[in-house]
$ cat run08.txt   # compact mmCIF, C-alpha atoms
# COMPACT_ATOMS: atom_id res chain seq x y z
CA MET A 153 2.10 3.68 34.12
CA THR A 154 1.51 1.06 36.85
CA GLN A 155 2.19 -2.60 36.21
CA ASP A 156 -1.53 -3.41 35.95
CA LEU A 157 -2.14 -0.55 33.54
CA ARG A 158 0.90 -1.55 31.51
CA SER A 159 -0.33 -5.14 31.25
CA GLN A 160 -3.75 -3.93 30.13
CA PHE A 161 -2.15 -1.57 27.62
CA HIS A 162 -0.11 -4.35 26.03
CA SER A 163 -3.17 -6.60 25.95
CA ASP A 164 -5.15 -3.87 24.18
CA LEU A 165 -2.26 -3.17 21.84
CA ASP A 166 -1.97 -6.84 20.93
CA GLU A 167 -5.69 -6.88 20.07
CA VAL A 168 -5.17 -3.89 17.80
CA ARG A 169 -2.18 -5.59 16.20
CA GLN A 170 -4.18 -8.73 15.48
CA GLY A 171 -7.01 -6.60 14.09
CA VAL A 172 -4.64 -4.78 11.75
CA ALA A 173 -3.14 -8.09 10.63
CA ARG A 174 -6.61 -9.51 9.91
CA LEU A 175 -7.52 -6.38 7.95
CA SER A 176 -4.34 -6.70 5.91
CA ALA A 177 -5.00 -10.39 5.30
CA SER A 178 -8.47 -9.48 4.00
CA VAL A 179 -6.91 -7.19 1.41
CA THR A 180 -4.36 -9.88 0.53
CA GLU A 181 -7.33 -12.10 -0.38
CA LEU A 182 -9.03 -9.27 -2.29
CA VAL A 183 -6.16 -8.85 -4.76
CA PRO A 184 -6.52 -12.25 -6.50
CA ARG A 185 -10.30 -11.94 -6.29
CA ALA A 186 -10.17 -8.62 -8.15
CA THR A 187 -7.72 -10.13 -10.65
CA ASP A 188 -10.10 -13.03 -11.33
CA VAL A 189 -13.03 -10.62 -11.69
CA LEU A 190 -11.12 -8.83 -14.45
CA LEU A 191 -9.94 -11.96 -16.25
CA ASP A 192 -13.22 -13.88 -15.95
CA GLN A 193 -15.48 -10.86 -16.56
CA ASP A 194 -17.29 -11.80 -13.38
CA LEU A 195 -19.94 -9.14 -12.74
CA GLU A 196 -21.25 -10.89 -9.63
CA GLY A 197 -17.75 -11.10 -8.22
CA ALA A 198 -17.18 -7.42 -8.99
CA GLU A 199 -20.31 -6.48 -7.07
CA TYR A 200 -19.18 -8.62 -4.13
CA VAL A 201 -15.84 -6.81 -3.88
CA ILE A 202 -17.36 -3.36 -4.36
CA LEU A 203 -20.05 -3.83 -1.71
CA GLY A 204 -17.61 -5.54 0.65
CA ASP A 205 -15.47 -2.40 0.79
CA ASP A 206 -17.93 -0.89 3.26
CA GLU A 207 -16.93 -3.54 5.79
CA ILE A 208 -13.24 -2.75 5.23
CA ASP A 209 -13.98 0.93 5.85
CA ALA A 210 -15.90 0.15 9.04
CA ARG A 211 -13.15 -2.08 10.39
CA SER A 212 -10.53 0.54 9.55
CA ILE A 213 -12.42 3.25 11.42
CA GLU A 214 -12.91 1.00 14.45
CA LEU A 215 -9.20 0.16 14.61
CA GLU A 216 -8.17 3.80 14.22
CA GLU A 217 -10.50 4.79 17.05
CA ARG A 218 -9.03 2.11 19.30
CA CYS A 219 -5.54 3.41 18.55
CA CYS A 220 -6.61 6.95 19.41
CA GLN A 221 -8.07 5.69 22.68
CA LEU A 222 -4.76 4.04 23.55
CA LEU A 223 -2.91 7.27 22.85
CA ALA A 224 -5.34 9.36 24.88
CA LEU A 225 -5.79 7.05 27.87
CA GLN A 226 -2.40 5.36 28.17
CA ALA A 227 0.01 8.02 26.83
CA PRO A 228 2.54 5.45 25.56
CA VAL A 229 6.18 6.40 25.01
CA ALA A 230 9.23 5.11 23.12
CA SER A 231 8.65 1.79 21.31
CA ASP A 232 5.06 1.53 22.54
CA LEU A 233 4.29 4.91 21.02
CA ARG A 234 5.93 3.92 17.74
CA GLU A 235 3.81 0.77 17.62
CA VAL A 236 0.54 2.69 18.02
CA ILE A 237 1.57 5.33 15.47
CA SER A 238 2.64 2.61 13.02
CA ALA A 239 -0.70 0.84 13.43
CA ILE A 240 -2.61 4.02 12.61
CA LYS A 241 -0.55 4.58 9.48
CA LEU A 242 -0.79 0.94 8.42
CA ILE A 243 -4.56 1.02 8.65
CA ALA A 244 -4.66 3.88 6.14
CA GLU A 245 -2.36 2.02 3.72
CA ILE A 246 -4.48 -1.13 3.96
CA GLU A 247 -7.77 0.72 3.46
CA ARG A 248 -6.45 2.50 0.37
CA SER A 249 -5.28 -0.82 -1.07
CA ALA A 250 -8.80 -2.20 -0.65
CA ASP A 251 -10.08 0.85 -2.55
CA LEU A 252 -7.69 -0.01 -5.39
CA CYS A 253 -9.12 -3.54 -5.57
CA VAL A 254 -12.55 -1.94 -5.86
CA ASN A 255 -11.24 0.26 -8.68
CA ILE A 256 -9.99 -2.81 -10.55
CA CYS A 257 -13.46 -4.35 -10.29
CA LYS A 258 -15.11 -1.15 -11.51
CA ALA A 259 -12.77 -1.14 -14.50
CA ALA A 260 -13.74 -4.77 -15.16
CA ARG A 261 -17.41 -3.74 -15.28
CA ARG A 262 -16.64 -0.96 -17.76
CA ILE A 263 -14.99 -3.35 -20.22
CA TYR A 264 -17.43 -6.22 -19.69
CA GLY A 265 -17.99 -8.22 -22.86
CA ARG A 266 -14.74 -7.09 -24.50
CA PRO A 267 -12.39 -10.07 -24.97
CA LEU A 268 -8.74 -9.71 -23.95
CA ASP A 269 -6.02 -11.45 -25.94
CA PRO A 270 -3.79 -14.05 -24.22
CA LYS A 271 -0.80 -11.72 -23.93
CA LEU A 272 -2.82 -9.12 -22.03
CA ARG A 273 -4.33 -11.77 -19.79
CA GLY A 274 -0.92 -13.23 -19.04
CA VAL A 275 0.54 -9.93 -17.81
CA ILE A 276 -2.61 -9.16 -15.79
CA GLN A 277 -2.22 -12.49 -14.00
CA LYS A 278 1.44 -11.80 -13.28
CA MET A 279 0.67 -8.35 -11.88
CA GLY A 280 -2.08 -9.74 -9.68
CA ASP A 281 0.17 -12.52 -8.38
CA GLN A 282 3.02 -10.12 -7.61
CA ALA A 283 0.75 -7.58 -5.92
CA GLN A 284 -0.73 -10.32 -3.73
CA HIS A 285 2.74 -11.63 -2.89
CA LEU A 286 3.90 -8.15 -1.88
CA PHE A 287 0.91 -7.60 0.37
CA LYS A 288 1.26 -11.03 1.96
CA GLU A 289 4.93 -10.37 2.70
CA ALA A 290 4.08 -6.96 4.17
CA THR A 291 1.48 -8.55 6.45
CA GLU A 292 3.91 -11.23 7.62
CA ALA A 293 6.63 -8.64 8.24
CA TYR A 294 4.21 -6.70 10.43
CA LEU A 295 3.02 -9.76 12.35
CA THR A 296 6.56 -10.97 13.04
CA ARG A 297 8.12 -7.51 13.46
CA ASP A 298 10.68 -8.54 10.84
CA SER A 299 12.56 -5.42 9.78
CA ALA A 300 14.73 -7.25 7.22
CA ARG A 301 11.68 -8.79 5.58
CA ALA A 302 10.05 -5.37 5.47
CA ALA A 303 13.13 -3.82 3.86
CA ALA A 304 13.11 -6.49 1.12
CA LEU A 305 9.70 -5.30 -0.10
CA ASP A 306 11.25 -2.41 -2.01
CA ASP A 307 13.17 -4.73 -4.34
CA MET A 308 10.11 -6.95 -4.75
CA ASP A 309 8.09 -3.91 -5.77
CA SER A 310 10.55 -3.23 -8.58
CA LEU A 311 9.31 -6.42 -10.26
CA LEU A 312 5.75 -5.09 -10.16
CA ASP A 313 6.94 -1.77 -11.59
CA ASP A 314 8.58 -3.67 -14.45
CA LEU A 315 5.36 -5.59 -15.07
CA GLN A 316 3.41 -2.34 -15.20
CA ARG A 317 5.73 -0.97 -17.88
CA GLU A 318 5.49 -4.24 -19.80
CA PHE A 319 1.70 -4.17 -19.57
CA ILE A 320 1.50 -0.62 -20.93
CA GLN A 321 3.58 -1.71 -23.91
CA VAL A 322 1.35 -4.74 -24.49
CA ILE A 323 -1.73 -2.48 -24.30
CA PHE A 324 -0.30 -0.24 -27.02
CA GLU A 325 0.49 -3.26 -29.18
CA SER A 326 -2.94 -4.81 -28.71
CA HIS A 327 -4.68 -1.52 -29.51
CA GLY A 328 -2.46 -0.95 -32.54
CA GLN A 329 -3.33 -4.39 -33.87
CA GLY A 330 -7.04 -3.73 -33.41
CA HIS A 331 -7.55 -6.32 -30.69
CA ILE A 332 -8.93 -3.78 -28.20
CA ASP A 333 -10.57 -0.39 -28.64
CA LEU A 334 -9.51 2.87 -27.00
CA GLN A 335 -11.96 2.54 -24.09
CA VAL A 336 -10.54 -0.85 -23.14
CA ALA A 337 -6.97 0.41 -23.55
CA VAL A 338 -7.62 3.32 -21.18
CA GLN A 339 -9.26 1.10 -18.56
CA LEU A 340 -6.43 -1.43 -18.72
CA ALA A 341 -3.84 1.33 -18.33
CA LEU A 342 -5.69 2.41 -15.19
CA VAL A 343 -5.73 -1.18 -13.95
CA ALA A 344 -1.95 -1.31 -14.39
CA ARG A 345 -1.67 1.79 -12.22
CA PHE A 346 -3.99 0.29 -9.59
CA PHE A 347 -1.86 -2.85 -9.28
CA GLU A 348 1.29 -0.75 -9.10
CA ARG A 349 -0.18 1.40 -6.33
CA ILE A 350 -1.10 -1.71 -4.32
CA GLY A 351 2.57 -2.62 -4.45
CA ASP A 352 3.52 0.87 -3.32
CA HIS A 353 1.19 0.59 -0.33
CA ALA A 354 2.81 -2.74 0.58
CA VAL A 355 6.20 -1.02 0.52
CA ASN A 356 4.81 1.76 2.70
CA ILE A 357 3.60 -0.85 5.18
CA GLY A 358 7.12 -2.24 5.23
CA GLU A 359 8.49 1.22 6.00
CA LYS A 360 6.07 1.55 8.93
CA VAL A 361 7.24 -1.84 10.22
CA ARG A 362 10.85 -0.66 10.08
CA TYR A 363 9.86 2.49 11.94
CA GLU A 364 8.14 0.45 14.63
CA VAL A 365 11.05 -1.98 15.06
CA ASP A 366 14.10 0.21 14.43
CA GLY A 367 12.82 3.77 14.54
CA TRP A 368 13.88 4.08 10.87
CA LEU A 369 12.06 6.32 8.39
CA PRO A 370 12.81 6.79 4.66
CA GLU A 371 12.91 10.52 5.31
CA HIS A 372 16.06 9.99 7.39
CA ALA A 373 18.08 9.50 4.20
CA GLY A 374 16.83 12.78 2.77
CA ALA A 375 17.45 14.56 6.06
CA ALA A 376 21.02 13.25 6.09
CA ARG A 377 21.61 14.53 2.55
CA PHE A 378 20.16 17.89 3.52
CA ALA A 379 22.41 18.06 6.57
CA ALA A 380 25.42 17.21 4.39
CA ARG A 381 24.52 20.14 2.16
CA GLY A 382 24.13 22.43 5.16
CA ASP A 383 27.30 24.42 4.53
CA ILE A 384 26.39 24.85 0.88
CA GLY A 385 22.92 26.03 1.85
CA SER A 386 24.35 28.49 4.37
CA ASP A 387 26.78 29.89 1.81
CA HIS A 388 23.94 30.26 -0.69
CA ALA A 389 21.76 32.00 1.90
CA SER A 390 24.60 34.35 2.83
CA ALA A 391 25.23 35.18 -0.81
CA SER A 392 21.53 35.81 -1.37
CA GLY A 393 21.40 38.04 1.68
CA THR A 394 24.36 40.06 0.48
CA THR A 395 22.78 40.49 -2.92
CA ASN A 396 19.50 41.64 -1.44
CA GLU A 397 21.19 44.18 0.80
CA ALA A 398 23.07 45.59 -2.16
$ encode --input "run08.txt" --output "structure tokens"
Amino acid sequence: MTQDLRSQFHSDLDEVRQGVARLSASVTELVPRATDVLLDQDLEGAEYVILGDDEIDARSIELEERCCQLLALQAPVASDLREVISAIKLIAEIERSADLCVNICKAARRIYGRPLDPKLRGVIQKMGDQAQHLFKEATEAYLTRDSARAAALDDMDSLLDDLQREFIQVIFESHGQGHIDLQVAVQLALVARFFERIGDHAVNIGEKVRYEVDGWLPEHAGAARFAARGDIGSDHASASGTTNEA
């Protein structure tokens, strides 16, 4: 790659990076909006989020196509290649998180007019806040190429997992006390899962950042364990082969 082509490549790649960061920031803003829709029973707000997902989809497709063009026309290698691959994978994580915000709003429409007791509302607010915080941290880690910040997302996600379990327990209690009916309980359980999955996608974004910066993948740990069991696996295969021949 000549110097001029390399300069153009990095300029194009920086534009993609900024586009991915803006897309992620849009989803970061969607999380509290979806939370408010649920808590305030805001049908107009729900419609806004649901219809706005088309724009997220369009922006995701455009960014993916630009990444594919960079791969096809510039044939990047090493860290440049990792950056393009990471961007493609990040776009998918971000788009799916936007879909989960839409799902929260659809659940809000299904339980419209059903009051939620203060305990339920309190945990919903906490989950929304934590999910937004996770996504904001993931976006910042990507923008700053901060591998340590990206690695910290896993522990932060544990707090959201704990909130999900707490929320399920509160749902059971509220239903048992007759505060909510079965339909509301089911929808709220789904909402808990949607928030939890947003956190998971933020963690996945962090993993892609670590791959871009350090070349690290979570699968490396599993591969190392598999390699450590190599002799055991070989012995097992040999024993199986002997048995079959007999």
$ closest_atom_pairs --input "run08.txt" --of "segment 228-277 of chain A" --to "segment 285-307 of chain A" --cutoff "10 Å" --atoms "only C-alpha atoms" --output "tab-separated table"
residue	atom	partner	partner_atom	distance
A:Ser238	CA	A:Tyr294	CA	9.8
A:Ala239	CA	A:Tyr294	CA	9.5
A:Leu242	CA	A:Tyr294	CA	9.3
A:Ile246	CA	A:Phe287	CA	9.2
A:Ser249	CA	A:Phe287	CA	9.3
$ closest_atom_pairs --input "run08.txt" --of "segment 161-261 of chain A" --to "segment 348-366 of chain A" --cutoff "9 Å" --atoms "all atoms listed in the file" --output "tab-separated table"
residue	atom	partner	partner_atom	distance
A:Val183	CA	A:Ile350	CA	8.8
A:Ser231	CA	A:Glu364	CA	6.8
A:Asp232	CA	A:Glu364	CA	8.6
A:Leu233	CA	A:Glu364	CA	8.7
A:Arg234	CA	A:Glu364	CA	5.2
A:Glu235	CA	A:Glu364	CA	5.3
A:Val236	CA	A:Glu364	CA	8.6
A:Ile237	CA	A:Glu364	CA	8.2
A:Ser238	CA	A:Lys360	CA	5.4
A:Ala239	CA	A:Lys360	CA	8.2
A:Lys241	CA	A:Lys360	CA	7.3
A:Leu242	CA	A:Ile357	CA	5.7
A:Glu245	CA	A:His353	CA	5.6
A:Ile246	CA	A:His353	CA	7.3
A:Arg248	CA	A:His353	CA	7.9
A:Ser249	CA	A:Ile350	CA	5.4
A:Ala250	CA	A:Ile350	CA	8.5
A:Leu252	CA	A:Ile350	CA	6.9
A:Cys253	CA	A:Ile350	CA	8.3
$ closest_residue --input "run08.txt" --among "A:Asp206, A:Glu216, A:Leu369, A:Gln277" --to "Asp251 of chain A" --atoms "all atoms listed in the file"
A:Asp206
$ closest_residue --input "run08.txt" --among "A:Gly280, A:Gly265, A:Gly204, A:Pro270" --to "Asp188 of chain A" --atoms "all atoms listed in the file"
A:Gly280
$ axis_aligned_box --input "run08.txt" --around "segment 206-219 of chain A" --padding-each-side "4 Å" --output "JSON"
{"center_x": -11.7, "center_y": 0.6, "center_z": 11.3, "size_x": 20.4, "size_y": 16.3, "size_z": 24.0}
$ atom_distance --input "run08.txt" --atom1 "atom CA of Ile323 of chain A" --atom2 "atom CA of Asp205 of chain A"
28.6 Å
$ residues_around --input "run08.txt" --residues "Lys278 of chain A" --least-positions-apart "2" --cutoff "12 Å" --atoms "all atoms listed in the file" --output "MDAnalysis selection string"
chainID A and resid 183:184 187:188 191 271:276 280:285 311:316 318:319 344 347:348
$ write_last_selection --input "run08.txt" --atoms "C-alpha atoms" --output "PDB file, keeping the file's coordinate frame"
ATOM      1  CA  VAL A 183      -6.160  -8.850  -4.760  1.00  0.00           C
ATOM      2  CA  PRO A 184      -6.520 -12.250  -6.500  1.00  0.00           C
ATOM      3  CA  THR A 187      -7.720 -10.130 -10.650  1.00  0.00           C
ATOM      4  CA  ASP A 188     -10.100 -13.030 -11.330  1.00  0.00           C
ATOM      5  CA  LEU A 191      -9.940 -11.960 -16.250  1.00  0.00           C
ATOM      6  CA  LYS A 271      -0.800 -11.720 -23.930  1.00  0.00           C
ATOM      7  CA  LEU A 272      -2.820  -9.120 -22.030  1.00  0.00           C
ATOM      8  CA  ARG A 273      -4.330 -11.770 -19.790  1.00  0.00           C
ATOM      9  CA  GLY A 274      -0.920 -13.230 -19.040  1.00  0.00           C
ATOM     10  CA  VAL A 275       0.540  -9.930 -17.810  1.00  0.00           C
ATOM     11  CA  ILE A 276      -2.610  -9.160 -15.790  1.00  0.00           C
ATOM     12  CA  GLY A 280      -2.080  -9.740  -9.680  1.00  0.00           C
ATOM     13  CA  ASP A 281       0.170 -12.520  -8.380  1.00  0.00           C
ATOM     14  CA  GLN A 282       3.020 -10.120  -7.610  1.00  0.00           C
ATOM     15  CA  ALA A 283       0.750  -7.580  -5.920  1.00  0.00           C
ATOM     16  CA  GLN A 284      -0.730 -10.320  -3.730  1.00  0.00           C
ATOM     17  CA  HIS A 285       2.740 -11.630  -2.890  1.00  0.00           C
ATOM     18  CA  LEU A 311       9.310  -6.420 -10.260  1.00  0.00           C
ATOM     19  CA  LEU A 312       5.750  -5.090 -10.160  1.00  0.00           C
ATOM     20  CA  ASP A 313       6.940  -1.770 -11.590  1.00  0.00           C
ATOM     21  CA  ASP A 314       8.580  -3.670 -14.450  1.00  0.00           C
ATOM     22  CA  LEU A 315       5.360  -5.590 -15.070  1.00  0.00           C
ATOM     23  CA  GLN A 316       3.410  -2.340 -15.200  1.00  0.00           C
ATOM     24  CA  GLU A 318       5.490  -4.240 -19.800  1.00  0.00           C
ATOM     25  CA  PHE A 319       1.700  -4.170 -19.570  1.00  0.00           C
ATOM     26  CA  ALA A 344      -1.950  -1.310 -14.390  1.00  0.00           C
ATOM     27  CA  PHE A 347      -1.860  -2.850  -9.280  1.00  0.00           C
ATOM     28  CA  GLU A 348       1.290  -0.750  -9.100  1.00  0.00           C
TER      29      GLU A 348
END
$ atom_distance --input "run08.txt" --atom1 "atom CA of Leu195 of chain A" --atom2 "atom CA of Lys258 of chain A"
9.4 Å
$ closest_residue --input "run08.txt" --among "A:Ala341, A:Ile213, A:Arg381, A:Leu334" --to "Leu175 of chain A" --atoms "all atoms listed in the file"
A:Ile213
$ atom_distance --input "run08.txt" --atom1 "atom CA of His162 of chain A" --atom2 "atom CA of Gln221 of chain A"
13.2 Å
$ residues_around --input "run08.txt" --residues "Asp164 of chain A" --least-positions-apart "2" --cutoff "12 Å" --atoms "all atoms listed in the file" --output "CSV table (one decimal) with C-alpha atoms, in the coordinates of the input"
chain,number,residue,atom,x,y,z
A,157,LEU,CA,-2.1,-0.6,33.5
A,158,ARG,CA,0.9,-1.6,31.5
A,159,SER,CA,-0.3,-5.1,31.2
A,160,GLN,CA,-3.8,-3.9,30.1
A,161,PHE,CA,-2.2,-1.6,27.6
A,162,HIS,CA,-0.1,-4.4,26.0
A,166,ASP,CA,-2.0,-6.8,20.9
A,167,GLU,CA,-5.7,-6.9,20.1
A,168,VAL,CA,-5.2,-3.9,17.8
A,169,ARG,CA,-2.2,-5.6,16.2
A,170,GLN,CA,-4.2,-8.7,15.5
A,171,GLY,CA,-7.0,-6.6,14.1
A,215,LEU,CA,-9.2,0.2,14.6
A,218,ARG,CA,-9.0,2.1,19.3
A,219,CYS,CA,-5.5,3.4,18.6
A,220,CYS,CA,-6.6,7.0,19.4
A,221,GLN,CA,-8.1,5.7,22.7
A,222,LEU,CA,-4.8,4.0,23.6
A,223,LEU,CA,-2.9,7.3,22.8
A,225,LEU,CA,-5.8,7.0,27.9
A,226,GLN,CA,-2.4,5.4,28.2
A,232,ASP,CA,5.1,1.5,22.5
A,236,VAL,CA,0.5,2.7,18.0
$ residues_near_point --input "run08.txt" --point "(-14.5, -11.0, -12.0)" --cutoff "9 Å" --atoms "all atoms listed in the file" --output "number ranges by chain"
A: 185-199, 257, 260-261
